[in-house]
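Student: Data: start14.pdb, PDB, C-alpha atoms.
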ATOM      1  CA  MET A 209      15.682  -8.555  12.431  1.00  0.00           C
ATOM      2  CA  PHE A 210      13.891  -6.190  10.014  1.00  0.00           C
ATOM      3  CA  LYS A 211      15.703  -3.192   8.562  1.00  0.00           C
ATOM      4  CA  HIS A 212      13.189  -1.936   6.011  1.00  0.00           C
ATOM      5  CA  ILE A 213       9.443  -2.585   6.110  1.00  0.00           C
ATOM      6  CA  LEU A 214       7.135  -1.774   3.211  1.00  0.00           C
ATOM      7  CA  LEU A 215       3.560  -0.971   4.222  1.00  0.00           C
ATOM      8  CA  ALA A 216       0.943  -1.056   1.478  1.00  0.00           C
ATOM      9  CA  THR A 217      -1.767   1.427   2.392  1.00  0.00           C
ATOM     10  CA  ASP A 218      -4.945   2.646   0.754  1.00  0.00           C
ATOM     11  CA  GLY A 219      -6.438   4.504   3.708  1.00  0.00           C
ATOM     12  CA  SER A 220      -9.041   1.808   4.385  1.00  0.00           C
ATOM     13  CA  GLU A 221      -9.848   0.347   7.788  1.00  0.00           C
ATOM     14  CA  ALA A 222      -7.969  -2.841   6.859  1.00  0.00           C
ATOM     15  CA  SER A 223      -4.838  -0.914   5.907  1.00  0.00           C
ATOM     16  CA  ALA A 224      -5.088   1.202   9.077  1.00  0.00           C
ATOM     17  CA  HIS A 225      -4.886  -1.999  11.111  1.00  0.00           C
ATOM     18  CA  ALA A 226      -1.912  -3.148   9.016  1.00  0.00           C
ATOM     19  CA  ALA A 227      -0.301   0.275   9.548  1.00  0.00           C
ATOM     20  CA  SER A 228      -0.459  -0.043  13.324  1.00  0.00           C
ATOM     21  CA  ILE A 229       1.221  -3.457  13.082  1.00  0.00           C
ATOM     22  CA  ALA A 230       3.884  -2.187  10.659  1.00  0.00           C
ATOM     23  CA  VAL A 231       4.677   0.858  12.803  1.00  0.00           C
ATOM     24  CA  GLY A 232       4.958  -1.344  15.891  1.00  0.00           C
ATOM     25  CA  LEU A 233       7.324  -3.706  14.100  1.00  0.00           C
ATOM     26  CA  ALA A 234       9.404  -0.817  12.756  1.00  0.00           C
ATOM     27  CA  ARG A 235       9.621   0.719  16.230  1.00  0.00           C
ATOM     28  CA  THR A 236      10.575  -2.614  17.841  1.00  0.00           C
ATOM     29  CA  HIS A 237      13.269  -3.416  15.271  1.00  0.00           C
ATOM     30  CA  GLY A 238      14.489   0.128  14.621  1.00  0.00           C
ATOM     31  CA  ALA A 239      13.523  -0.356  10.975  1.00  0.00           C
ATOM     32  CA  LYS A 240      12.809   2.207   8.306  1.00  0.00           C
ATOM     33  CA  LEU A 241       9.181   2.222   7.129  1.00  0.00           C
ATOM     34  CA  THR A 242       8.013   2.953   3.604  1.00  0.00           C
ATOM     35  CA  ALA A 243       4.291   3.648   3.241  1.00  0.00           C
ATOM     36  CA  LEU A 244       3.238   2.858  -0.316  1.00  0.00           C
ATOM     37  CA  TYR A 245       0.042   3.939  -2.039  1.00  0.00           C
ATOM     38  CA  VAL A 246      -0.529   2.391  -5.468  1.00  0.00           C
ATOM     39  CA  ALA A 247      -2.852   4.171  -7.899  1.00  0.00           C
ATOM     40  CA  ASP A 248      -4.281   1.751 -10.440  1.00  0.00           C
ATOM     41  CA  PRO A 249      -4.024   2.647 -14.118  1.00  0.00           C
ATOM     42  CA  TYR A 250      -6.639   5.062 -15.423  1.00  0.00           C
ATOM     43  CA  PRO A 251      -9.691   3.006 -16.421  1.00  0.00           C
ATOM     44  CA  TYR A 252      -9.818   4.203 -20.034  1.00  0.00           C
ATOM     45  CA  ILE A 253     -11.986   1.864 -22.083  1.00  0.00           C
ATOM     46  CA  GLY A 254     -11.088   3.197 -25.512  1.00  0.00           C
ATOM     47  CA  VAL A 255     -14.623   4.104 -26.579  1.00  0.00           C
ATOM     48  CA  GLY A 256     -15.413   7.605 -27.764  1.00  0.00           C
ATOM     49  CA  GLU A 257     -13.245  10.674 -27.514  1.00  0.00           C
ATOM     50  CA  VAL A 258     -10.378  10.894 -25.060  1.00  0.00           C
ATOM     51  CA  ASN A 259     -11.172  13.247 -22.200  1.00  0.00           C
ATOM     52  CA  PRO A 260      -7.949  14.643 -20.688  1.00  0.00           C
ATOM     53  CA  MET A 261      -9.941  16.219 -17.861  1.00  0.00           C
ATOM     54  CA  GLY A 262     -11.080  12.738 -16.842  1.00  0.00           C
ATOM     55  CA  TYR A 263      -7.497  11.578 -16.466  1.00  0.00           C
ATOM     56  CA  GLN A 264      -6.445  14.752 -14.661  1.00  0.00           C
ATOM     57  CA  ALA A 265      -9.318  14.400 -12.192  1.00  0.00           C
ATOM     58  CA  TYR A 266      -8.444  10.732 -11.671  1.00  0.00           C
ATOM     59  CA  ALA A 267      -4.762  11.527 -11.049  1.00  0.00           C
ATOM     60  CA  ALA A 268      -5.596  14.410  -8.689  1.00  0.00           C
ATOM     61  CA  ALA A 269      -7.971  12.206  -6.692  1.00  0.00           C
ATOM     62  CA  ALA A 270      -5.310   9.481  -6.440  1.00  0.00           C
ATOM     63  CA  GLN A 271      -2.753  11.986  -5.156  1.00  0.00           C
ATOM     64  CA  GLN A 272      -5.217  13.328  -2.583  1.00  0.00           C
ATOM     65  CA  LEU A 273      -6.116   9.829  -1.353  1.00  0.00           C
ATOM     66  CA  ALA A 274      -2.428   8.920  -1.162  1.00  0.00           C
ATOM     67  CA  SER A 275      -1.718  12.046   0.860  1.00  0.00           C
ATOM     68  CA  GLN A 276      -4.510  11.201   3.318  1.00  0.00           C
ATOM     69  CA  ALA A 277      -3.323   7.589   3.678  1.00  0.00           C
ATOM     70  CA  HIS A 278       0.273   8.726   4.223  1.00  0.00           C
ATOM     71  CA  ALA A 279      -0.861  11.274   6.833  1.00  0.00           C
ATOM     72  CA  GLN A 280      -2.576   8.496   8.810  1.00  0.00           C
ATOM     73  CA  VAL A 281       0.639   6.455   8.843  1.00  0.00           C
ATOM     74  CA  ASP A 282       2.743   9.509   9.706  1.00  0.00           C
ATOM     75  CA  ALA A 283       0.536  10.205  12.720  1.00  0.00           C
ATOM     76  CA  LEU A 284       1.059   6.624  13.938  1.00  0.00           C
ATOM     77  CA  CYS A 285       4.822   6.965  13.485  1.00  0.00           C
ATOM     78  CA  LYS A 286       4.940  10.098  15.649  1.00  0.00           C
ATOM     79  CA  GLN A 287       2.828   8.859  18.560  1.00  0.00           C
ATOM     80  CA  GLY A 288       3.931   6.485  21.267  1.00  0.00           C
ATOM     81  CA  GLY A 289       7.603   5.731  21.840  1.00  0.00           C
ATOM     82  CA  ALA A 290      10.510   6.527  19.576  1.00  0.00           C
ATOM     83  CA  ALA A 291       9.618   8.102  16.238  1.00  0.00           C
ATOM     84  CA  VAL A 292       9.761   5.819  13.226  1.00  0.00           C
ATOM     85  CA  GLU A 293      11.612   6.929  10.092  1.00  0.00           C
ATOM     86  CA  LEU A 294       8.927   7.140   7.387  1.00  0.00           C
ATOM     87  CA  GLN A 295       9.233   7.408   3.642  1.00  0.00           C
ATOM     88  CA  ALA A 296       5.969   8.021   1.739  1.00  0.00           C
ATOM     89  CA  ARG A 297       5.719   6.705  -1.812  1.00  0.00           C
ATOM     90  CA  LEU A 298       3.087   6.917  -4.536  1.00  0.00           C
ATOM     91  CA  VAL A 299       3.306   4.561  -7.499  1.00  0.00           C
ATOM     92  CA  GLU A 300       1.000   5.142 -10.445  1.00  0.00           C
ATOM     93  CA  ASP A 301      -0.170   3.268 -13.524  1.00  0.00           C
ATOM     94  CA  VAL A 302       0.391  -0.276 -12.261  1.00  0.00           C
ATOM     95  CA  THR A 303      -1.904  -2.742 -10.565  1.00  0.00           C
ATOM     96  CA  ALA A 304      -1.760  -2.741  -6.786  1.00  0.00           C
ATOM     97  CA  SER A 305      -0.151  -6.171  -6.443  1.00  0.00           C
ATOM     98  CA  SER A 306       2.525  -5.494  -9.063  1.00  0.00           C
ATOM     99  CA  GLY A 307       3.286  -2.054  -7.634  1.00  0.00           C
ATOM    100  CA  ILE A 308       3.702  -3.465  -4.137  1.00  0.00           C
ATOM    101  CA  VAL A 309       5.962  -6.342  -5.202  1.00  0.00           C
ATOM    102  CA  GLN A 310       8.084  -4.188  -7.535  1.00  0.00           C
ATOM    103  CA  THR A 311       8.528  -1.422  -4.976  1.00  0.00           C
ATOM    104  CA  ALA A 312       9.506  -3.889  -2.245  1.00  0.00           C
ATOM    105  CA  GLU A 313      12.194  -5.323  -4.504  1.00  0.00           C
ATOM    106  CA  ASN A 314      13.401  -1.922  -5.771  1.00  0.00           C
ATOM    107  CA  GLU A 315      13.552  -0.430  -2.260  1.00  0.00           C
ATOM    108  CA  GLY A 316      15.265  -3.464  -0.704  1.00  0.00           C
ATOM    109  CA  ALA A 317      12.461  -4.085   1.798  1.00  0.00           C
ATOM    110  CA  ASP A 318      12.802  -7.221   3.886  1.00  0.00           C
ATOM    111  CA  LEU A 319       9.102  -7.392   4.870  1.00  0.00           C
ATOM    112  CA  ILE A 320       5.823  -6.366   3.235  1.00  0.00           C
ATOM    113  CA  VAL A 321       2.871  -5.605   5.511  1.00  0.00           C
ATOM    114  CA  LEU A 322      -0.614  -5.189   4.070  1.00  0.00           C
ATOM    115  CA  GLY A 323      -4.190  -5.499   5.170  1.00  0.00           C
ATOM    116  CA  SER A 324      -6.826  -7.872   3.917  1.00  0.00           C
ATOM    117  CA  HIS A 325     -10.517  -7.146   3.719  1.00  0.00           C
ATOM    118  CA  GLY A 326     -11.189 -10.814   4.477  1.00  0.00           C
ATOM    119  CA  ARG A 327     -13.614 -11.386   1.612  1.00  0.00           C
ATOM    120  CA  THR A 328     -14.662 -14.956   1.000  1.00  0.00           C
ATOM    121  CA  GLY A 329     -16.747 -16.907  -1.463  1.00  0.00           C
ATOM    122  CA  ILE A 330     -18.147 -15.182  -4.539  1.00  0.00           C
ATOM    123  CA  ALA A 331     -16.978 -11.707  -3.472  1.00  0.00           C
ATOM    124  CA  ARG A 332     -13.381 -12.924  -3.368  1.00  0.00           C
ATOM    125  CA  LEU A 333     -13.692 -14.635  -6.738  1.00  0.00           C
ATOM    126  CA  MET A 334     -15.262 -11.585  -8.373  1.00  0.00           C
ATOM    127  CA  LEU A 335     -13.112  -8.893  -6.788  1.00  0.00           C
ATOM    128  CA  GLY A 336      -9.870 -10.821  -6.429  1.00  0.00           C
ATOM    129  CA  SER A 337      -7.474 -10.288  -3.603  1.00  0.00           C
ATOM    130  CA  VAL A 338      -4.485  -7.985  -3.712  1.00  0.00           C
ATOM    131  CA  ALA A 339      -3.090  -9.732  -0.638  1.00  0.00           C
ATOM    132  CA  THR A 340      -3.324 -13.154  -2.301  1.00  0.00           C
ATOM    133  CA  LYS A 341      -1.567 -11.876  -5.423  1.00  0.00           C
ATOM    134  CA  VAL A 342       1.208 -10.210  -3.406  1.00  0.00           C
ATOM    135  CA  VAL A 343       1.808 -13.392  -1.393  1.00  0.00           C
ATOM    136  CA  ALA A 344       1.964 -15.415  -4.619  1.00  0.00           C
ATOM    137  CA  GLU A 345       4.273 -13.001  -6.503  1.00  0.00           C
ATOM    138  CA  SER A 346       6.619 -11.698  -3.810  1.00  0.00           C
ATOM    139  CA  HIS A 347      10.120 -12.951  -3.069  1.00  0.00           C
ATOM    140  CA  VAL A 348      10.011 -10.835   0.098  1.00  0.00           C
ATOM    141  CA  PRO A 349       8.191 -12.197   3.176  1.00  0.00           C
ATOM    142  CA  VAL A 350       4.621 -10.879   3.468  1.00  0.00           C
ATOM    143  CA  LEU A 351       2.602 -10.256   6.633  1.00  0.00           C
ATOM    144  CA  VAL A 352      -1.133 -10.042   5.941  1.00  0.00           C
ATOM    145  CA  ALA A 353      -3.187  -8.363   8.679  1.00  0.00           C
ATOM    146  CA  ARG A 354      -6.867  -9.274   8.763  1.00  0.00           C
TER     147      ARG A 354
END
Rewrite the coordinates I just gave you, this time as structure tokens.
Tutor:
Amino acid sequence: MFKHILLATDGSEASAHAASIAVGLARTHGAKLTALYVADPYPYIGVGEVNPMGYQAYAAAAQQLASQAHAQVDALCKQGGAAVELQARLVEDVTASSGIVQTAENEGADLIVLGSHGRTGIARLMLGSVATKVVAESHVPVLVAR
């Protein structure tokens, strides 16, 4: 049924749960799995002098976090039954929801899997929800793991 699954991962506990679901689905359907880490744009506020070291540190940290998140997914793909074909991707300088939706469309994914932190009330209003935005914006089916 599924040929290409896009997993949005940030290395959190919620995305680790989503990763186990995505790997299981990919294994069951013989699908290719793309693990996507989206690094938000650099939070430059435009006040004072520009500090290139700040951006370089931010970009290096994003690449390190992406590498750790991808390693977690890779380990899941290699354990258990048949190995799952994994493609690791890092997208930078876009919001998480836009990066996930755009990558799913560009890669031809037929399912997006992502975790939800399950925030409610004021926390959800203040922090927003990447999962909610992806569900609202995506033309590709989305599976949200809580």
Student: Calculated over only C-alpha atoms, which of the candidates A:Thr236, A:Gln280, A:Ser275, A:Ser324 has the smallest distance to Lys341 in chain A?
Tutor: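 Among the listed residues, A:Ser324 lies closest to Lys341 in chain A.
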Student: Using all atoms listed in the file, which residues sit within 12 Å of Leu294 in chain A once same-chain residues fewer than 4 positions away are excluded, as number ranges by chain?
Tutor: A: 212-215, 227, 230-231, 234-235, 238-244, 278-286
Student: Once the PyMOL selection byres ((chain A and resi 265-270) around 12) has been applied to the shown file, what residues remain in the selection, as an NGL selection string?
Tutor: :A and (218-219 or 245-252 or 259-264 or 271-277 or 298-301)
Student: Using all atoms listed in the file, which of A:Arg354, A:Lys211, A:His347, A:His237 sits nearest Ala312 in chain A?
Tutor: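 Checking each candidate against Ala312 in chain A, we get A:His347 as the closest.
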Student: Please, what distance in Å, to one decimal, runs between CA of Leu351 in chain A and CA of Ile320 in chain A?
Tutor: 6.1 Å
Student: Rounded to one decimal place, report the CA of Val343 in chain A-CA of His325 in chain A distance in Å.
Tutor: 14.7 Å
Student: For Ala216 in chain A, which residue out of A:Ala339, A:Ile308, A:Ala317, A:Val292 is the nearest one, using only C-alpha atoms?
Tutor: A:Ile308
Student: Using all atoms listed in the file, which of the listed residues (A:Gly232, A:Phe210, A:Thr217, A:Val321) sits closest to Gly289 in chain A?
Tutor: A:Gly232
Student: CA of Ala304 in chain A to CA of Ala291 in chain A: how many Å, to one decimal?
Tutor: 27.9 Å
Student: May I have the residues within 12 Å of Ala344 in chain A as a PDB file with C-alpha atoms, in the coordinates of the input, using all atoms listed in the file and disregarding those fewer than 6 positions away in the same chain?
Tutor:
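Full text of selection39.pdb as output:
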ATOM      1  CA  SER A 305      -0.151  -6.171  -6.443  1.00  0.00           C
ATOM      2  CA  SER A 306       2.525  -5.494  -9.063  1.00  0.00           C
ATOM      3  CA  VAL A 309       5.962  -6.342  -5.202  1.00  0.00           C
ATOM      4  CA  SER A 337      -7.474 -10.288  -3.603  1.00  0.00           C
ATOM      5  CA  VAL A 338      -4.485  -7.985  -3.712  1.00  0.00           C
ATOM      6  CA  VAL A 350       4.621 -10.879   3.468  1.00  0.00           C
TER       7      VAL A 350
END
